[in-house]
Amino acid sequence: MVRILVGTRKGLFIFVAGDERRDWTLEGPHLVGWEVFHAVLDPRDGSIHAATNSPVYGATVHRSTDLGVSWTRAEELGLPEESGLTLEKTWHVEPGREDENGRLWLGGAPGVLFRSDDGGTSWEAVESLVSHETRDRWHPGAGGMCCHSIQLDPLSPERMYVGISAAGVFRSEDGGGSWTPANQGTAADFLPDPFPPVGQCVHKLLVHPQQPERLWQQNHCGVYRSDDRGEQWQRLEGNGLPSGFGFPLALDPREPDTAFVVPEVGAENRVTPDGRLGVYRTRDAGASWELASNGLPEPAWVAVMREGFSFDRLDPFGVYLGTQSGSVFVSADGGESWSEAASQLPPILSVEAVAWP
């Protein structure tokens, strides 16, 4: 069974299908009245966690232990008073490793990270990131200063990464106790010094699950790959991509040289180029890119948010895409062909797929 958790401006929708991923059943909407920036099904216990925001109730996290039938809300979620910071939005929920029972991570704005060790009942701010020595050089991007990417190294129990816009990528080797900027080679073309230690506007960061020393990054200023855990980054566009600007990323879970991006024209025109919804794929680690949009609509001038792209671990693996215009597209054959699973949803903020009984 495959489930797609689709977070929107108007609640959470869940799509369910068999492993063939052809016929989808819609459940929801859940969390009506909430903006769902991201939702994930924890494969360790089947619980759903959602980063939720409301102009009335503020920023929080919702949890369901019965696949969306009922929900509980984290009531005490905030930042230390002495930090002088106020929690603005919650952005991304990341389950801990398989043997880390109860461990969850939550990213939010202004560039903050929380940890839970009780399955999301309570949350504690990660002080090492709240008070990072470089924070005075972080600046909000168009979406706010958001911690939106949280990646755990599957082979090292203490290594993890976060991506913050506009601060950059940070790596921890001690489970979040301390953080080192990991932005060497990543451009910040909007700053006087285009290669600062921090200040880059990373849009999405992923670690390859089979080759965790390889990181992929979609940035405000290009698409990048690192083969040494973020020590150095190589810029990859200009070889088949119509633009280096974009937000989401997806990977082939078994082949480290394969990645997918959805370019946009640029920061001042955030729609897909050439009047089409273009998914671009590399099979050679970014040396070249090809259009992989068979079945996607054209003409189309649409936008895909940073959390609007996902992939599963089946064989062949599936790729999932949600647009701000309310469509969900599914490829059950690794990007070779696409079909529309839903349309006319509220603006889609996130898509997360998981195989779960």
# chains A, B, ... in the order shown; residues from 1 in each chain; ligands from 1
$ closest_atom_pairs --of "range 60-170 of chain A" --to "range 6-16 of chain A" --cutoff "12 Å" --atoms "only C-alpha atoms" --output "JSON lines"
{"residue": "A:His62", "atom": "CA", "partner": "A:Leu12", "partner_atom": "CA", "distance": 11.0}
{"residue": "A:Ser64", "atom": "CA", "partner": "A:Leu12", "partner_atom": "CA", "distance": 11.9}
{"residue": "A:Leu67", "atom": "CA", "partner": "A:Ile14", "partner_atom": "CA", "distance": 9.0}
{"residue": "A:Gly68", "atom": "CA", "partner": "A:Ile14", "partner_atom": "CA", "distance": 8.6}
{"residue": "A:Val69", "atom": "CA", "partner": "A:Ile14", "partner_atom": "CA", "distance": 11.4}
{"residue": "A:Trp71", "atom": "CA", "partner": "A:Leu12", "partner_atom": "CA", "distance": 11.8}
{"residue": "A:Trp91", "atom": "CA", "partner": "A:Gly7", "partner_atom": "CA", "distance": 11.1}
{"residue": "A:His92", "atom": "CA", "partner": "A:Gly7", "partner_atom": "CA", "distance": 11.1}
$ residues_around --residues "Gln184 in chain A" --least-positions-apart "5" --cutoff "12 Å" --atoms "only C-alpha atoms" --output "PyMOL selection string"
chain A and resi 168-170+194-200+224-226+228-235
$ closest_atom_pairs --of "range 221-321 of chain A" --to "range 148-156 of chain A" --cutoff "12 Å" --atoms "only C-alpha atoms" --output "CSV"
residue,atom,partner,partner_atom,distance
A:Arg229,CA,A:Asp153,CA,9.4
A:Phe247,CA,A:His148,CA,11.2
A:Pro248,CA,A:Ser149,CA,10.8
A:Leu249,CA,A:Ser149,CA,11.0
A:Met305,CA,A:His148,CA,11.3
A:Arg306,CA,A:His148,CA,8.4
A:Glu307,CA,A:His148,CA,8.4
$ write_last_selection --atoms "C-alpha atoms" --output "CSV table (one decimal), in the first residue's frame"
chain,number,residue,atom,x,y,z
A,229,ARG,CA,29.4,15.2,3.0
A,247,PHE,CA,12.9,24.6,-5.2
A,248,PRO,CA,12.2,20.8,-5.0
A,249,LEU,CA,14.5,17.8,-5.4
A,305,MET,CA,7.1,24.4,-3.7
A,306,ARG,CA,10.3,23.0,-2.0
A,307,GLU,CA,8.4,20.2,-0.3
$ residues_around --residues "range 331-347 of chain A" --least-positions-apart "6" --cutoff "9 Å" --atoms "only C-alpha atoms" --output "PDB file with C-alpha atoms, in the first residue's frame"
ATOM      1  CA  GLY A   7      -0.236  19.292   2.573  1.00  0.00           C
ATOM      2  CA  THR A   8      -2.158  22.305   1.291  1.00  0.00           C
ATOM      3  CA  ARG A   9      -3.171  25.827   2.285  1.00  0.00           C
ATOM      4  CA  LYS A  10      -6.479  24.319   3.394  1.00  0.00           C
ATOM      5  CA  GLY A  11      -5.645  21.115   5.219  1.00  0.00           C
ATOM      6  CA  PHE A  13      -5.270  15.195   1.912  1.00  0.00           C
ATOM      7  CA  PHE A  15      -4.159   9.474  -1.310  1.00  0.00           C
ATOM      8  CA  ASP A  19       1.863  -0.894  -5.074  1.00  0.00           C
ATOM      9  CA  GLU A  20       1.021  -0.535  -8.779  1.00  0.00           C
ATOM     10  CA  ARG A  21       0.169   3.146  -7.985  1.00  0.00           C
ATOM     11  CA  ARG A  22      -2.574   3.474 -10.614  1.00  0.00           C
ATOM     12  CA  ASP A  23      -5.943   3.939  -8.910  1.00  0.00           C
ATOM     13  CA  TRP A  24      -5.917   6.437  -6.061  1.00  0.00           C
ATOM     14  CA  LEU A  26      -8.814  10.256  -1.634  1.00  0.00           C
ATOM     15  CA  ASP A 252      16.442   7.549  -7.210  1.00  0.00           C
ATOM     16  CA  PHE A 260      15.286  15.135 -10.449  1.00  0.00           C
ATOM     17  CA  VAL A 279      10.762  17.623 -14.659  1.00  0.00           C
ATOM     18  CA  ARG A 281      16.489  14.155 -14.685  1.00  0.00           C
ATOM     19  CA  ALA A 292      11.495  13.560 -18.127  1.00  0.00           C
ATOM     20  CA  SER A 293       7.997  14.987 -18.500  1.00  0.00           C
ATOM     21  CA  ASN A 294       6.101  12.412 -20.566  1.00  0.00           C
ATOM     22  CA  GLY A 295       2.448  12.865 -19.579  1.00  0.00           C
ATOM     23  CA  LEU A 296       2.869  16.223 -17.808  1.00  0.00           C
ATOM     24  CA  PHE A 311       9.923   9.552  -4.031  1.00  0.00           C
ATOM     25  CA  ASP A 315      11.083  -1.152  -7.282  1.00  0.00           C
ATOM     26  CA  PRO A 316      10.543   0.498  -9.692  1.00  0.00           C
ATOM     27  CA  PHE A 317      10.508   3.563  -7.524  1.00  0.00           C
ATOM     28  CA  GLY A 318       7.767   6.159  -7.719  1.00  0.00           C
ATOM     29  CA  VAL A 319       8.107   9.925  -8.018  1.00  0.00           C
ATOM     30  CA  TYR A 320       5.375  12.313  -6.848  1.00  0.00           C
ATOM     31  CA  LEU A 321       4.806  15.964  -7.661  1.00  0.00           C
ATOM     32  CA  GLY A 322       2.316  18.569  -6.414  1.00  0.00           C
ATOM     33  CA  THR A 323       1.722  22.029  -7.881  1.00  0.00           C
ATOM     34  CA  GLN A 324       0.522  25.286  -6.398  1.00  0.00           C
ATOM     35  CA  SER A 325      -2.364  25.080  -8.858  1.00  0.00           C
TER      36      SER A 325
END
$ residues_around --residues "Gly33 in chain A" --least-positions-apart "2" --cutoff "10 Å" --atoms "only C-alpha atoms" --output "MDAnalysis selection string"
chainID A and resid 9:12 29:31 35:36 52:56
$ residues_around --residues "Gly266 in chain A" --least-positions-apart "2" --cutoff "8 Å" --atoms "only C-alpha atoms" --output "list in words"
Ser243, Phe245, Gly246, Glu264, Glu268, Asn269, Arg270 and Val271 of chain A
$ write_last_selection --atoms "C-alpha atoms" --output "PDB file, in the first residue's frame"
ATOM      1  CA  SER A 243      17.461  27.394 -15.370  1.00  0.00           C
ATOM      2  CA  PHE A 245      16.685  28.314 -10.091  1.00  0.00           C
ATOM      3  CA  GLY A 246      14.075  26.073  -8.500  1.00  0.00           C
ATOM      4  CA  GLU A 264      11.660  27.814 -12.567  1.00  0.00           C
ATOM      5  CA  GLU A 268      11.464  37.345 -10.270  1.00  0.00           C
ATOM      6  CA  ASN A 269       9.316  34.935 -12.307  1.00  0.00           C
ATOM      7  CA  ARG A 270       8.655  31.804 -10.269  1.00  0.00           C
ATOM      8  CA  VAL A 271       6.958  29.626 -12.865  1.00  0.00           C
TER       9      VAL A 271
END
$ select_by_dssp --residues "range 102-284 of chain A" --states "strand (DSSP E)" --output "number ranges by chain"
A: 104-109, 112-116, 124-125, 146-152, 160-165, 168-172, 180-181, 202-207, 215-219, 222-226, 234-235, 246-251, 259-263, 280-282
$ write_last_selection --atoms "C-alpha atoms" --output "mmCIF file, in the first residue's frame"
data_model
loop_
_atom_site.group_PDB
_atom_site.id
_atom_site.type_symbol
_atom_site.label_atom_id
_atom_site.label_comp_id
_atom_site.auth_asym_id
_atom_site.auth_seq_id
_atom_site.Cartn_x
_atom_site.Cartn_y
_atom_site.Cartn_z
ATOM 1 C CA LEU A 104 11.593 13.354 15.830
ATOM 2 C CA TRP A 105 13.022 16.570 14.424
ATOM 3 C CA LEU A 106 11.126 19.727 13.490
ATOM 4 C CA GLY A 107 12.378 22.683 11.478
ATOM 5 C CA GLY A 108 10.865 26.129 11.649
ATOM 6 C CA ALA A 109 11.298 29.860 11.254
ATOM 7 C CA VAL A 112 15.301 26.967 14.269
ATOM 8 C CA LEU A 113 15.280 23.246 15.004
ATOM 9 C CA PHE A 114 13.357 21.261 17.636
ATOM 10 C CA ARG A 115 13.784 17.702 18.919
ATOM 11 C CA SER A 116 11.234 15.361 20.438
ATOM 12 C CA GLU A 124 12.685 21.109 22.894
ATOM 13 C CA ALA A 125 14.523 23.754 20.880
ATOM 14 C CA CYS A 146 13.072 28.778 7.476
ATOM 15 C CA CYS A 147 14.769 25.555 8.496
ATOM 16 C CA HIS A 148 13.150 23.383 5.845
ATOM 17 C CA SER A 149 15.565 20.490 5.200
ATOM 18 C CA ILE A 150 16.530 17.976 7.897
ATOM 19 C CA GLN A 151 18.601 15.011 6.740
ATOM 20 C CA LEU A 152 20.012 12.154 8.826
ATOM 21 C CA MET A 160 22.914 15.099 10.380
ATOM 22 C CA TYR A 161 22.335 18.153 8.205
ATOM 23 C CA VAL A 162 19.950 21.085 8.047
ATOM 24 C CA GLY A 163 19.230 23.527 5.240
ATOM 25 C CA ILE A 164 18.150 27.048 6.174
ATOM 26 C CA SER A 165 17.055 29.821 3.865
ATOM 27 C CA GLY A 168 22.992 27.728 4.120
ATOM 28 C CA VAL A 169 23.727 24.099 4.893
ATOM 29 C CA PHE A 170 24.988 23.093 8.333
ATOM 30 C CA ARG A 171 26.390 19.694 9.376
ATOM 31 C CA SER A 172 26.466 18.193 12.850
ATOM 32 C CA THR A 180 29.535 23.516 11.126
ATOM 33 C CA PRO A 181 28.668 25.509 7.989
ATOM 34 C CA VAL A 202 19.482 26.790 -0.009
ATOM 35 C CA HIS A 203 16.033 25.758 -1.243
ATOM 36 C CA LYS A 204 16.219 21.990 -0.641
ATOM 37 C CA LEU A 205 18.826 19.502 0.583
ATOM 38 C CA LEU A 206 18.799 15.691 0.300
ATOM 39 C CA VAL A 207 21.223 12.945 1.362
ATOM 40 C CA LEU A 215 24.415 15.298 -1.005
ATOM 41 C CA TRP A 216 22.210 17.056 -3.529
ATOM 42 C CA GLN A 217 21.119 20.669 -3.237
ATOM 43 C CA GLN A 218 18.701 22.903 -5.125
ATOM 44 C CA ASN A 219 19.719 26.448 -4.342
ATOM 45 C CA GLY A 222 22.049 26.785 -8.892
ATOM 46 C CA VAL A 223 21.879 23.019 -8.539
ATOM 47 C CA TYR A 224 24.745 21.386 -6.625
ATOM 48 C CA ARG A 225 26.209 18.010 -5.680
ATOM 49 C CA SER A 226 28.677 17.160 -2.930
ATOM 50 C CA GLN A 234 29.998 21.353 -7.467
ATOM 51 C CA ARG A 235 27.571 23.443 -9.513
ATOM 52 C CA GLY A 246 14.075 26.073 -8.500
ATOM 53 C CA PHE A 247 12.890 24.607 -5.238
ATOM 54 C CA PRO A 248 12.233 20.830 -5.033
ATOM 55 C CA LEU A 249 14.485 17.786 -5.397
ATOM 56 C CA ALA A 250 13.856 14.059 -5.735
ATOM 57 C CA LEU A 251 16.253 11.101 -5.961
ATOM 58 C CA ALA A 259 18.300 13.057 -9.388
ATOM 59 C CA PHE A 260 15.286 15.135 -10.449
ATOM 60 C CA VAL A 261 14.629 18.876 -10.333
ATOM 61 C CA VAL A 262 11.795 21.180 -11.449
ATOM 62 C CA PRO A 263 13.369 24.440 -12.665
ATOM 63 C CA TYR A 280 14.449 17.258 -15.502
ATOM 64 C CA ARG A 281 16.489 14.155 -14.685
ATOM 65 C CA THR A 282 20.194 13.472 -14.547
#
$ closest_residue --among "A:Ser70, A:Ser128, A:Thr121, A:Thr86" --to "Gly58 in chain A" --atoms "only C-alpha atoms"
A:Thr86
